[in-house]
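What's in final.cif: mmCIF, C-alpha atoms and all ligand atoms
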data_coords
loop_
_atom_site.label_atom_id
_atom_site.label_comp_id
_atom_site.auth_asym_id
_atom_site.auth_seq_id
_atom_site.Cartn_x
_atom_site.Cartn_y
_atom_site.Cartn_z
CA MET A 1 62.58 59.32 -31.09
CA LYS A 2 59.47 57.53 -32.35
CA CYS A 3 56.37 56.48 -30.44
CA ARG A 4 56.63 52.75 -29.79
CA ARG A 5 52.97 52.19 -30.57
CA CYS A 6 52.15 54.32 -33.61
CA LYS A 7 55.64 55.42 -34.80
CA LYS A 8 54.70 59.12 -34.79
CA GLN A 9 57.09 61.63 -33.19
CA ALA A 10 57.35 60.76 -29.45
CA VAL A 11 56.84 63.49 -26.83
CA VAL A 12 57.82 61.52 -23.76
CA ALA A 13 60.52 58.92 -23.06
CA LEU A 14 59.98 56.36 -20.29
CA PRO A 15 63.32 54.61 -19.65
CA GLY A 16 61.74 52.56 -16.80
CA HIS A 17 59.51 50.90 -19.38
CA ASN A 18 62.16 51.03 -22.11
CA THR A 19 59.79 52.96 -24.34
CA ALA A 20 58.59 56.35 -25.66
CA PHE A 21 55.15 57.61 -26.64
CA CYS A 22 53.36 60.34 -28.55
CA ALA A 23 50.73 62.28 -26.57
CA GLU A 24 47.80 60.13 -27.60
CA CYS A 25 49.54 56.83 -26.92
CA TYR A 26 50.87 58.18 -23.61
CA LEU A 27 47.28 58.66 -22.40
CA LEU A 28 46.56 55.08 -23.38
CA PHE A 29 49.69 53.90 -21.53
CA PHE A 30 48.61 55.79 -18.39
CA LYS A 31 45.09 54.38 -18.55
CA ARG A 32 46.41 50.84 -18.98
CA GLN A 33 48.72 51.15 -15.97
CA VAL A 34 45.75 52.21 -13.82
CA GLU A 35 43.56 49.44 -15.26
CA LYS A 36 46.28 46.87 -14.58
CA ALA A 37 46.65 48.02 -10.96
CA ILE A 38 42.87 47.81 -10.49
CA LYS A 39 42.61 44.37 -12.09
CA ASP A 40 45.70 42.76 -10.50
CA HIS A 41 44.68 43.74 -6.99
CA LYS A 42 40.88 43.89 -7.35
CA LEU A 43 40.91 47.52 -6.18
CA LEU A 44 37.60 48.78 -7.63
CA THR A 45 34.44 47.73 -9.43
CA GLN A 46 32.06 49.83 -11.52
CA LYS A 47 29.53 49.45 -8.67
CA ASP A 48 31.79 51.19 -6.15
CA LYS A 49 30.95 54.62 -4.82
CA ILE A 50 34.47 56.06 -4.79
CA LEU A 51 35.68 58.93 -2.64
CA VAL A 52 38.89 60.35 -4.12
CA ALA A 53 41.02 62.37 -1.69
CA ILE A 54 42.11 65.36 -3.79
CA SER A 55 44.88 67.57 -2.39
CA GLY A 56 45.32 69.86 -5.41
CA GLY A 57 48.64 68.18 -6.28
CA LYS A 58 49.34 66.41 -9.58
CA ASP A 59 48.82 62.85 -8.32
CA SER A 60 45.35 63.11 -6.84
CA LEU A 61 44.14 65.34 -9.70
CA ALA A 62 45.44 62.83 -12.27
CA LEU A 63 43.80 60.02 -10.30
CA ALA A 64 40.38 61.69 -10.12
CA TRP A 65 40.57 62.51 -13.83
CA GLN A 66 41.55 58.97 -14.83
CA LEU A 67 38.94 57.22 -12.68
CA ALA A 68 36.19 59.54 -13.91
CA ASN A 69 37.43 58.95 -17.46
CA LEU A 70 37.16 55.20 -16.96
CA GLY A 71 33.50 55.65 -16.04
CA TYR A 72 33.79 55.07 -12.27
CA ASP A 73 31.42 56.78 -9.83
CA VAL A 74 33.78 59.39 -8.39
CA THR A 75 33.34 62.15 -5.79
CA GLY A 76 36.26 64.30 -4.62
CA LEU A 77 37.04 65.13 -1.00
CA HIS A 78 39.36 68.03 -0.28
CA ILE A 79 40.46 68.75 3.28
CA ASP A 80 41.18 72.45 3.81
CA LEU A 81 44.00 72.33 6.37
CA ALA A 82 43.91 76.10 7.05
CA ILE A 83 47.66 76.53 6.47
CA PRO A 84 48.26 80.17 5.41
CA GLY A 85 50.02 80.53 2.07
CA SER A 86 49.29 76.98 1.00
CA SER A 87 45.74 75.80 1.74
CA GLU A 88 44.05 78.63 -0.20
CA GLN A 89 45.81 77.67 -3.44
CA ALA A 90 45.26 73.93 -2.93
CA ARG A 91 41.55 74.49 -2.39
CA GLU A 92 41.25 76.78 -5.40
CA LEU A 93 43.06 74.38 -7.75
CA THR A 94 40.91 71.46 -6.56
CA THR A 95 37.70 73.43 -6.92
CA SER A 96 38.43 74.67 -10.43
CA PHE A 97 39.60 71.20 -11.55
CA CYS A 98 36.35 69.60 -10.33
CA LYS A 99 34.31 72.30 -12.00
CA ASN A 100 36.20 71.96 -15.31
CA PHE A 101 35.91 68.18 -15.39
CA ASN A 102 32.44 67.91 -13.90
CA ILE A 103 33.44 65.99 -10.79
CA GLU A 104 31.41 66.42 -7.61
CA LEU A 105 33.51 67.86 -4.79
CA LYS A 106 33.08 67.91 -1.00
CA ILE A 107 35.23 70.20 1.10
CA LEU A 108 35.95 69.52 4.74
CA GLU A 109 37.24 72.50 6.73
CA ILE A 110 39.55 71.18 9.38
CA LYS A 111 39.23 74.37 11.43
CA ASN A 112 35.55 73.52 12.00
CA GLU A 113 36.77 70.41 13.81
CA GLY A 114 38.96 72.58 16.07
CA LEU A 115 42.04 71.18 14.31
CA ALA A 116 43.41 74.02 12.12
CA ILE A 117 46.94 72.72 11.42
CA PRO A 118 48.82 75.89 12.54
CA GLU A 119 47.00 75.68 15.91
CA VAL A 120 47.69 71.96 16.24
CA LYS A 121 51.35 72.67 15.46
CA LYS A 122 51.52 75.10 18.39
CA ARG A 123 50.01 72.67 20.88
CA ILE A 124 51.10 69.16 19.95
CA ARG A 125 54.73 68.25 20.55
CA ARG A 126 55.23 65.83 17.68
CA PRO A 127 56.42 66.50 14.09
CA ILE A 128 53.47 68.32 12.51
CA CYS A 129 53.63 66.39 9.23
CA SER A 130 52.96 63.09 10.96
CA VAL A 131 50.16 64.59 13.10
CA CYS A 132 48.65 66.20 9.99
CA GLY A 133 48.84 62.84 8.14
CA GLN A 134 47.09 61.15 11.05
CA ILE A 135 44.33 63.80 11.07
CA LYS A 136 43.83 63.51 7.28
CA ARG A 137 43.61 59.70 7.38
CA TYR A 138 41.07 59.89 10.19
CA PHE A 139 38.79 62.30 8.31
CA PHE A 140 39.15 60.49 4.95
CA ASN A 141 37.91 57.35 6.69
CA LYS A 142 35.19 59.05 8.72
CA PHE A 143 33.85 61.02 5.77
CA ALA A 144 33.71 57.93 3.57
CA LEU A 145 31.90 55.84 6.19
CA ASP A 146 29.49 58.62 7.26
CA HIS A 147 28.48 59.32 3.64
CA GLY A 148 28.08 55.77 2.33
CA PHE A 149 31.19 55.55 0.12
CA THR A 150 32.39 52.00 -0.47
CA VAL A 151 36.04 52.89 -1.01
CA LEU A 152 38.58 55.69 -0.51
CA ALA A 153 41.18 56.30 -3.24
CA THR A 154 44.37 58.32 -2.72
CA GLY A 155 46.92 59.56 -5.24
CA HIS A 156 50.01 57.81 -3.80
CA ASN A 157 52.34 57.09 -6.71
CA LEU A 158 55.21 54.64 -7.28
CA ASP A 159 57.82 57.07 -5.90
CA ASP A 160 55.81 57.54 -2.67
CA GLU A 161 55.28 53.82 -2.29
CA VAL A 162 58.85 52.77 -3.02
CA ALA A 163 60.27 55.41 -0.65
CA ARG A 164 57.92 54.17 2.06
CA LEU A 165 58.82 50.54 1.38
CA PHE A 166 62.52 51.41 1.51
CA SER A 167 62.07 53.27 4.79
CA ASN A 168 59.99 50.46 6.33
CA THR A 169 62.56 47.91 5.20
CA LEU A 170 65.52 49.86 6.59
CA ARG A 171 63.79 49.78 9.98
CA TRP A 172 62.32 46.26 9.47
CA ASP A 173 59.03 47.76 10.56
CA THR A 174 57.03 44.55 10.25
CA ALA A 175 53.72 46.16 11.28
CA HIS A 176 53.88 48.69 8.43
CA LEU A 177 55.38 46.17 5.98
CA SER A 178 52.44 43.84 6.60
CA ASP A 179 49.85 46.31 5.38
CA GLN A 180 51.76 48.36 2.84
CA GLY A 181 50.30 48.00 -0.65
CA PRO A 182 47.71 49.31 -3.08
CA LEU A 183 44.78 47.67 -1.23
CA LEU A 184 43.73 47.81 2.39
CA PRO A 185 40.50 45.82 2.62
CA ALA A 186 37.57 47.16 4.65
CA GLU A 187 37.60 46.09 8.29
CA ASN A 188 35.41 46.93 11.22
CA GLY A 189 35.48 50.73 11.39
CA PHE A 190 37.77 51.13 8.37
CA VAL A 191 36.61 51.73 4.80
CA ARG A 192 38.51 49.95 1.95
CA LYS A 193 41.49 52.05 0.82
CA VAL A 194 43.12 51.89 -2.59
CA LYS A 195 46.09 53.45 -4.42
CA PRO A 196 45.40 52.94 -8.15
CA LEU A 197 48.44 55.03 -9.21
CA TYR A 198 51.01 52.79 -7.54
CA ARG A 199 52.50 51.72 -10.93
CA LEU A 200 53.04 55.34 -12.08
CA THR A 201 55.87 57.68 -11.10
CA GLU A 202 55.69 61.35 -10.12
CA PHE A 203 57.06 62.25 -13.53
CA GLU A 204 54.34 60.20 -15.20
CA THR A 205 51.45 61.80 -13.25
CA ALA A 206 52.90 65.29 -13.88
CA ASN A 207 53.11 64.43 -17.56
CA LEU A 208 49.49 63.29 -17.63
CA CYS A 209 48.40 66.61 -16.07
CA TYR A 210 50.45 68.51 -18.62
CA LEU A 211 49.00 66.63 -21.60
CA VAL A 212 45.39 66.81 -20.35
CA GLY A 213 45.70 70.46 -19.32
CA ILE A 214 45.22 70.02 -15.58
CA GLU A 215 46.64 72.87 -13.52
CA TYR A 216 48.18 71.65 -10.25
CA GLY A 217 49.99 73.02 -7.19
CA PHE A 218 53.79 73.00 -7.10
CA ALA A 219 54.48 74.57 -3.70
CA PRO A 220 55.47 72.06 -1.01
CA CYS A 221 53.77 72.35 2.36
CA PRO A 222 55.51 75.18 4.28
CA TYR A 223 55.90 72.89 7.30
CA SER A 224 57.59 70.12 5.34
CA THR A 225 61.20 69.73 6.45
CA GLY A 226 62.10 67.67 3.41
CA ALA A 227 63.20 64.93 5.83
CA SER A 228 64.01 61.30 5.17
CA PHE A 229 61.47 60.53 2.46
CA THR A 230 62.84 63.19 0.14
CA TYR A 231 66.33 61.79 0.72
CA TYR A 232 65.18 58.24 0.00
CA LYS A 233 63.39 59.41 -3.14
CA ARG A 234 66.64 60.96 -4.34
CA LEU A 235 68.62 57.79 -3.65
CA LEU A 236 66.02 55.69 -5.45
CA GLU A 237 66.04 58.09 -8.39
CA GLU A 238 69.78 57.53 -8.72
CA LEU A 239 69.23 53.78 -8.65
CA GLU A 240 66.48 54.06 -11.27
CA PHE A 241 68.79 56.11 -13.48
CA LYS A 242 71.43 53.36 -13.39
CA GLN A 243 68.90 50.50 -13.53
CA PRO A 244 65.74 51.67 -15.32
CA GLY A 245 62.62 49.82 -14.15
CA ARG A 246 64.13 48.86 -10.77
CA LYS A 247 61.61 50.85 -8.69
CA LEU A 248 58.58 49.07 -10.11
CA GLN A 249 60.34 45.68 -9.92
CA PHE A 250 61.28 46.26 -6.27
CA TYR A 251 57.71 47.18 -5.38
CA GLU A 252 56.00 44.45 -7.40
CA GLY A 253 58.48 41.92 -6.00
CA PHE A 254 57.51 42.96 -2.49
CA LEU A 255 53.79 42.65 -3.27
CA ASN A 256 54.16 39.25 -4.93
CA ARG A 257 56.83 37.63 -2.81
CA GLY A 258 57.57 39.62 0.34
CA GLN A 259 54.37 40.90 1.84
CA LYS A 260 52.69 37.58 2.73
CA GLY A 261 55.46 36.72 5.19
CA PHE A 262 55.02 40.00 7.05
CA LYS A 263 51.24 39.49 7.16
CA LEU A 264 51.67 36.07 8.77
CA LEU A 265 54.12 37.47 11.29
CA GLU A 266 51.79 40.30 12.24
CA GLN A 267 48.73 38.04 12.56
CA LYS A 268 50.62 36.23 15.30
CA GLN A 269 51.50 39.47 17.07
CA GLY A 270 48.26 41.31 16.15
CA GLN A 271 46.90 43.97 18.48
CA GLU A 272 43.20 44.03 19.38
CA LEU A 273 41.37 47.17 18.21
CA THR A 274 38.22 48.45 19.92
CA PRO A 275 35.99 51.43 18.99
CA CYS A 276 37.00 54.75 20.55
CA PRO A 277 34.34 55.55 23.20
CA GLU A 278 34.09 59.18 21.97
CA CYS A 279 33.97 58.77 18.17
CA GLY A 280 33.92 55.05 17.32
CA TYR A 281 37.25 55.04 15.40
CA PRO A 282 39.12 51.75 15.91
CA THR A 283 41.93 52.12 18.41
CA SER A 284 44.22 50.05 20.64
CA GLU A 285 44.22 52.76 23.32
CA GLU A 286 41.58 54.10 25.69
CA LEU A 287 40.82 57.05 23.36
CA CYS A 288 41.76 57.25 19.66
CA GLY A 289 44.66 59.49 18.59
CA ILE A 290 42.42 62.22 17.17
CA CYS A 291 40.19 62.44 20.25
CA ARG A 292 43.36 62.75 22.34
CA ILE A 293 44.58 65.63 20.12
CA LYS A 294 41.12 67.24 20.40
CA LYS A 295 41.31 67.05 24.21
CA VAL A 296 44.67 68.88 24.18
CA MET A 297 43.24 71.50 21.76
CA GLU A 298 40.17 72.07 23.95
CA LYS A 299 42.31 72.90 27.03
CA ILE A 300 42.86 76.63 27.33
P1 LIG B 401 50.74 63.25 0.68
O1 LIG B 401 50.80 62.44 1.92
O2 LIG B 401 50.63 64.71 0.89
O3 LIG B 401 51.74 62.82 -0.35
O4 LIG B 401 49.31 62.86 0.02
C1 LIG B 401 48.98 61.56 -0.35
C2 LIG B 401 47.57 61.54 -0.86
O5 LIG B 401 46.68 61.94 0.18
C3 LIG B 401 47.29 62.51 -2.00
O6 LIG B 401 47.60 61.96 -3.25
C4 LIG B 401 45.81 62.74 -1.85
O7 LIG B 401 45.07 61.67 -2.40
C5 LIG B 401 45.62 62.72 -0.34
N1 LIG B 401 45.67 64.08 0.27
C6 LIG B 401 46.74 64.70 0.82
N2 LIG B 401 46.38 65.92 1.30
C7 LIG B 401 45.06 66.06 1.09
C8 LIG B 401 44.09 67.08 1.36
N3 LIG B 401 44.42 68.22 1.99
N4 LIG B 401 42.82 66.88 0.97
C9 LIG B 401 42.46 65.74 0.34
N5 LIG B 401 43.32 64.76 0.05
C10 LIG B 401 44.61 64.90 0.41
FE1 LIG B 402 50.14 68.62 6.64
FE2 LIG B 402 52.15 69.83 5.70
S1 LIG B 402 50.44 69.07 4.63
S2 LIG B 402 51.76 69.52 7.74
ZN ZN B 403 38.04 59.00 18.90
#

Would you mind writing the file's structure down as structure tokens?
Ligand code: AMP
Ligand code: FES
Ligand code: ZN
Amino acid sequence: MKCRRCKKQAVVALPGHNTAFCAECYLLFFKRQVEKAIKDHKLLTQKDKILVAISGGKDSLALAWQLANLGYDVTGLHIDLAIPGSSEQARELTTSFCKNFNIELKILEIKNEGLAIPEVKKRIRRPICSVCGQIKRYFFNKFALDHGFTVLATGHNLDDEVARLFSNTLRWDTAHLSDQGPLLPAENGFVRKVKPLYRLTEFETANLCYLVGIEYGFAPCPYSTGASFTYYKRLLEELEFKQPGRKLQFYEGFLNRGQKGFKLLEQKQGQELTPCPECGYPTSEELCGICRIKKVMEKI
């Protein structure tokens, strides 16, 4: 197989794009997909002070590398979740990546907030993955606002986004459908959030790491049950195999033609948010979700 661009020997085939590339042209393809996402949705400018949430997995490492490579002002934030057998490796991989590629890194230790994930798991009677996600989102936002970042970037890729869209659609979850997408603009109490890798699949980010020489973590979180999202990803993979390019079309179609309707619907039903009296995070309840978890954790 030949590289579509330069006709040298190809090293990677991308059926979804009906093409194949050599290593050099693949890097160009990857860069252009990120540039297109940024341009189409006005995600970032060169003036932005970007906080990239880096987990130590392939997506967020590829994202930090690509944004730094495009000349953006990038700082990494890694949250050490204190999960034995998983957090040590994630932290190490993130630290050595940032050192190798000269990217500034901040580390937030969740145990210093009284929220070490294994302890939270013992005390809070909800699926730990969703509680952990809620805690991470809270601290991404808080850290960005407290330290003067203009935007938070995460490594969510096309597979993550399409699986989420599929799940939201199956449940007709209009609230989540209304704000799903690569850009969540800043609002009172919320920093702007962007997902510049939304056009790239898991395979494509892994391939970038391989070609650039970025070492990343493989091990899934030990608490992950491999629940519905993994199943949806598998179903969508099968669909993509039969109809290459369908995942990106489905997602782009939603962004261009579906999402506006859900936004209108939600504006009508919109819930008022007020600052949490303890920490200032926007909430529709008396106390925000994280302050409520902290209260449970403080009880002996
Ligand atoms: P996940 O929900 O684990 O698929 O992660 C989605 C995105 O959240 C990743 O691509 C990262 O940008 C970010 N993220 C997840 N876990 C962490 C972490 N422990 N520290 C920093 N960023 C994270
Ligand atoms: Fe948070 Fe698994 S990464 S529970
Ligand atoms: Zn609060």

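Proximal residues of ligand LIG 402 (chain B) are A:Ser55, A:Asp80, A:Leu81, A:Ala82, A:Ile83, A:Ser86, A:Ser87, A:Ile117, A:Pro118, A:Val120, A:Lys121, A:Pro127, A:Ile128, A:Cys129, A:Ser130, A:Val131, A:Cys132, A:Gly133, A:Gln134, A:Ile135, A:Lys136, A:Pro220, A:Cys221, A:Pro222, A:Tyr223, A:Ser224, A:Thr225, by a cut-off of 10 Å on all atoms listed in the file.
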
Atom CA of A:Lys193 to atom CA of A:Leu177, distance in Å rounded to a single decimal | 15.9 Å

Closest of A:Val212, A:Cys279, A:Val162, A:Ile38 to A:Cys291 - atom-to-atom distances counting all atoms listed in the file |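 Between A:Val212, A:Cys279, A:Val162, A:Ile38, the residue approaching A:Cys291 most closely is A:Cys279.
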
For A:Ala13, list every protein, DNA or RNA residue within 12 Å, evaluated using only C-alpha atoms, and leave out those in the same chain fewer than 2 positions away; present the list as a ChimeraX atom specification.
-> /A:1-4,9-11,15-23,25-26,203-204,207,244

Could you list, as a ChimeraX atom specification, all the residues within 8 Å of ligand LIG 401 (chain B), counting only C-alpha atoms and all ligand atoms?
-> /A:52-60,77-81,87,90,133,136,140,153-157,160

Nearest residue to ligand ZN 403 (chain B) from the set A:Tyr216, A:Lys142, A:Asn168, A:Arg234 (distances using only C-alpha atoms and all ligand atoms) | A:Lys142

Protein and nucleic residues near ligand ZN 403 (chain B), 9 Å, all atoms listed in the file, as a list in words =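 After applying the 9 Å limit, what remains is Pro275, Cys276, Pro277, Glu278, Cys279, Gly280, Tyr281, Pro282, Thr283, Leu287, Cys288, Gly289, Ile290, Cys291, Arg292 and Lys294 of chain A.
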
Next, dump the selected residues to file, keeping only C-alpha atoms, as a short mmCIF file (atom, residue, chain, number, x, y, z; two decimals), in the frame of the given file.
data_model
loop_
_atom_site.label_atom_id
_atom_site.label_comp_id
_atom_site.auth_asym_id
_atom_site.auth_seq_id
_atom_site.Cartn_x
_atom_site.Cartn_y
_atom_site.Cartn_z
CA PRO A 275 35.99 51.43 18.99
CA CYS A 276 37.00 54.75 20.55
CA PRO A 277 34.34 55.55 23.20
CA GLU A 278 34.09 59.18 21.97
CA CYS A 279 33.97 58.77 18.17
CA GLY A 280 33.92 55.05 17.32
CA TYR A 281 37.25 55.04 15.40
CA PRO A 282 39.12 51.75 15.91
CA THR A 283 41.93 52.12 18.41
CA LEU A 287 40.82 57.05 23.36
CA CYS A 288 41.76 57.25 19.66
CA GLY A 289 44.66 59.49 18.59
CA ILE A 290 42.42 62.22 17.17
CA CYS A 291 40.19 62.44 20.25
CA ARG A 292 43.36 62.75 22.34
CA LYS A 294 41.12 67.24 20.40
#

Contacts of A:Lys47 at 10 Å (all atoms listed in the file; same-chain gap of 6+ positions) as a list of chain:residue names =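 Near A:Lys47, the qualifying residues are A:Tyr72, A:Asp73, A:Thr150.
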
Any chance you could model N, CA and C atoms for stretch 64-77 of chain A and send them as a PDB file, keeping the file's coordinate frame?
ATOM      1  N   ALA A  64      41.821  61.399 -10.001  1.00  0.00           N
ATOM      2  CA  ALA A  64      40.380  61.690 -10.120  1.00  0.00           C
ATOM      3  C   ALA A  64      39.996  61.751 -11.598  1.00  0.00           C
ATOM      4  N   TRP A  65      40.855  62.391 -12.395  1.00  0.00           N
ATOM      5  CA  TRP A  65      40.570  62.510 -13.830  1.00  0.00           C
ATOM      6  C   TRP A  65      40.491  61.136 -14.482  1.00  0.00           C
ATOM      7  N   GLN A  66      41.499  60.289 -14.175  1.00  0.00           N
ATOM      8  CA  GLN A  66      41.550  58.970 -14.830  1.00  0.00           C
ATOM      9  C   GLN A  66      40.379  58.076 -14.419  1.00  0.00           C
ATOM     10  N   LEU A  67      40.047  58.087 -13.135  1.00  0.00           N
ATOM     11  CA  LEU A  67      38.940  57.220 -12.680  1.00  0.00           C
ATOM     12  C   LEU A  67      37.614  57.700 -13.286  1.00  0.00           C
ATOM     13  N   ALA A  68      37.419  59.010 -13.320  1.00  0.00           N
ATOM     14  CA  ALA A  68      36.190  59.540 -13.910  1.00  0.00           C
ATOM     15  C   ALA A  68      36.144  59.172 -15.396  1.00  0.00           C
ATOM     16  N   ASN A  69      37.309  59.281 -16.046  1.00  0.00           N
ATOM     17  CA  ASN A  69      37.430  58.950 -17.460  1.00  0.00           C
ATOM     18  C   ASN A  69      37.158  57.473 -17.762  1.00  0.00           C
ATOM     19  N   LEU A  70      37.429  56.631 -16.784  1.00  0.00           N
ATOM     20  CA  LEU A  70      37.160  55.200 -16.960  1.00  0.00           C
ATOM     21  C   LEU A  70      35.713  54.855 -16.613  1.00  0.00           C
ATOM     22  N   GLY A  71      34.935  55.866 -16.278  1.00  0.00           N
ATOM     23  CA  GLY A  71      33.500  55.650 -16.040  1.00  0.00           C
ATOM     24  C   GLY A  71      33.144  55.265 -14.612  1.00  0.00           C
ATOM     25  N   TYR A  72      34.102  55.402 -13.676  1.00  0.00           N
ATOM     26  CA  TYR A  72      33.790  55.070 -12.270  1.00  0.00           C
ATOM     27  C   TYR A  72      32.960  56.196 -11.643  1.00  0.00           C
ATOM     28  N   ASP A  73      32.231  55.825 -10.593  1.00  0.00           N
ATOM     29  CA  ASP A  73      31.420  56.780  -9.830  1.00  0.00           C
ATOM     30  C   ASP A  73      32.336  57.484  -8.813  1.00  0.00           C
ATOM     31  N   VAL A  74      32.731  58.706  -9.144  1.00  0.00           N
ATOM     32  CA  VAL A  74      33.780  59.390  -8.390  1.00  0.00           C
ATOM     33  C   VAL A  74      33.264  60.689  -7.751  1.00  0.00           C
ATOM     34  N   THR A  75      33.567  60.866  -6.461  1.00  0.00           N
ATOM     35  CA  THR A  75      33.340  62.150  -5.790  1.00  0.00           C
ATOM     36  C   THR A  75      34.665  62.556  -5.160  1.00  0.00           C
ATOM     37  N   GLY A  76      35.003  63.830  -5.228  1.00  0.00           N
ATOM     38  CA  GLY A  76      36.260  64.300  -4.620  1.00  0.00           C
ATOM     39  C   GLY A  76      36.034  64.736  -3.184  1.00  0.00           C
ATOM     40  N   LEU A  77      37.064  64.552  -2.345  1.00  0.00           N
ATOM     41  CA  LEU A  77      37.040  65.130  -1.000  1.00  0.00           C
ATOM     42  C   LEU A  77      38.330  65.926  -0.831  1.00  0.00           C
TER      43      LEU A  77
END
